[in-house]
Amino acid sequence: MPNHLIDPNKWIDLYSDYLFNYTISRVNDREKAQDLVQDTFLAGLKSMKNFKGEASERTWLISILKRKIIDHYRKINSNKGKAEVRINYNDSESEGDWLEERVADPFDKTAEDTLENNELGEAIYNCLGKLPQKQSDVFKMKTILGHETEAICNELNITASNLWVIVHRARTAMADCLKENWF
């Protein structure tokens, strides 16, 4: 048991602005920065048992956030590379095939994949039904439908920070519910 107990219920109030400012200076995209901070809180929740208390909560969350930012740039650079790589599969004078044409067809799914996706979808919507109405609405709009933060705030008459608190709580509740009902 760590000497220093952490309290995730206070993370948003204590650290969200600091983490956001740290992130925005590195990714220059407000919505992506908000998503990375949110992912950091979720990862922190998932790995709370690994917190040893050797650093402050903020330092621990920053270390998680740094890895999230690195992963963000790796993904961007990986996608750029895939778009530019050509592979010549035969020794002819042809231009070669695009690498993406050589990867597995995403539409070639087995019946097991389809069944698993249907079951997961049902579990997600079952868990959404257990959330308070406002959390459910915000979660659907932001995470499932992909609406912009500003549009959601205008429609529901809430602030951006309130939206991220609601999303954080909804994601936490969804993760717990899915852990019980899906995994």
# chains A, B, ... in the order shown; residues from 1 in each chain; ligands from 1
>>> residues_around(residues="A:Ile144", least_positions_apart="3", cutoff="12 Å", atoms="only C-alpha atoms", output="list of chain:residue names")
A:Gly121, A:Ile124, A:Tyr125, A:Leu128, A:Ser136, A:Asp137, A:Val138, A:Phe139, A:Lys140, A:Met141, A:His147, A:Glu148, A:Val167, A:Arg171
>>> write_last_selection(atoms="N, CA and C atoms", output="CSV table (one decimal), in the first residue's frame")
chain,number,residue,atom,x,y,z
A,121,GLY,N,-21.4,-4.0,-28.7
A,121,GLY,CA,-22.4,-2.9,-28.9
A,121,GLY,C,-23.5,-3.0,-27.9
A,124,ILE,N,-22.3,-2.0,-24.5
A,124,ILE,CA,-22.1,-0.5,-24.4
A,124,ILE,C,-23.4,0.2,-24.2
A,125,TYR,N,-24.4,-0.1,-25.0
A,125,TYR,CA,-25.7,0.5,-24.9
A,125,TYR,C,-26.4,0.2,-23.6
A,128,LEU,N,-24.7,2.4,-21.1
A,128,LEU,CA,-25.2,3.8,-21.3
A,128,LEU,C,-26.5,4.0,-20.7
A,136,SER,N,-25.1,10.3,-20.0
A,136,SER,CA,-25.4,9.4,-21.2
A,136,SER,C,-25.4,10.3,-22.5
A,137,ASP,N,-26.1,11.4,-22.4
A,137,ASP,CA,-26.3,12.3,-23.6
A,137,ASP,C,-24.9,12.8,-24.0
A,138,VAL,N,-24.1,13.3,-23.0
A,138,VAL,CA,-22.8,13.9,-23.3
A,138,VAL,C,-21.9,12.9,-23.8
A,139,PHE,N,-21.9,11.7,-23.2
A,139,PHE,CA,-21.0,10.6,-23.7
A,139,PHE,C,-21.3,10.2,-25.1
A,140,LYS,N,-22.6,10.1,-25.4
A,140,LYS,CA,-23.0,9.7,-26.8
A,140,LYS,C,-22.6,10.8,-27.8
A,141,MET,N,-22.8,12.0,-27.4
A,141,MET,CA,-22.5,13.1,-28.4
A,141,MET,C,-21.0,13.2,-28.6
A,147,HIS,N,-19.3,14.7,-31.9
A,147,HIS,CA,-19.6,16.1,-32.0
A,147,HIS,C,-18.5,16.9,-31.4
A,148,GLU,N,-18.3,18.1,-31.9
A,148,GLU,CA,-17.3,19.1,-31.4
A,148,GLU,C,-17.7,19.5,-30.0
A,167,VAL,N,-17.8,14.0,-19.1
A,167,VAL,CA,-17.2,12.9,-19.9
A,167,VAL,C,-16.3,12.0,-19.1
A,171,ARG,N,-17.0,8.1,-18.7
A,171,ARG,CA,-16.1,7.1,-19.1
A,171,ARG,C,-15.7,6.2,-17.9
>>> closest_residue(among="A:Leu19, A:Arg30, A:Ala151, A:Cys127", to="A:Leu163", atoms="only C-alpha atoms")
A:Ala151
>>> closest_residue(among="A:Asp39, A:Glu122, A:Asp29, A:Asp13", to="A:Ile62", atoms="only C-alpha atoms")
A:Asp39
>>> residues_around(residues="A:Gln38", least_positions_apart="3", cutoff="10 Å", atoms="only C-alpha atoms", output="PyMOL selection string")
chain A and resi 12+16+19-20+32-35+41-44+65+164-165+167-168+171
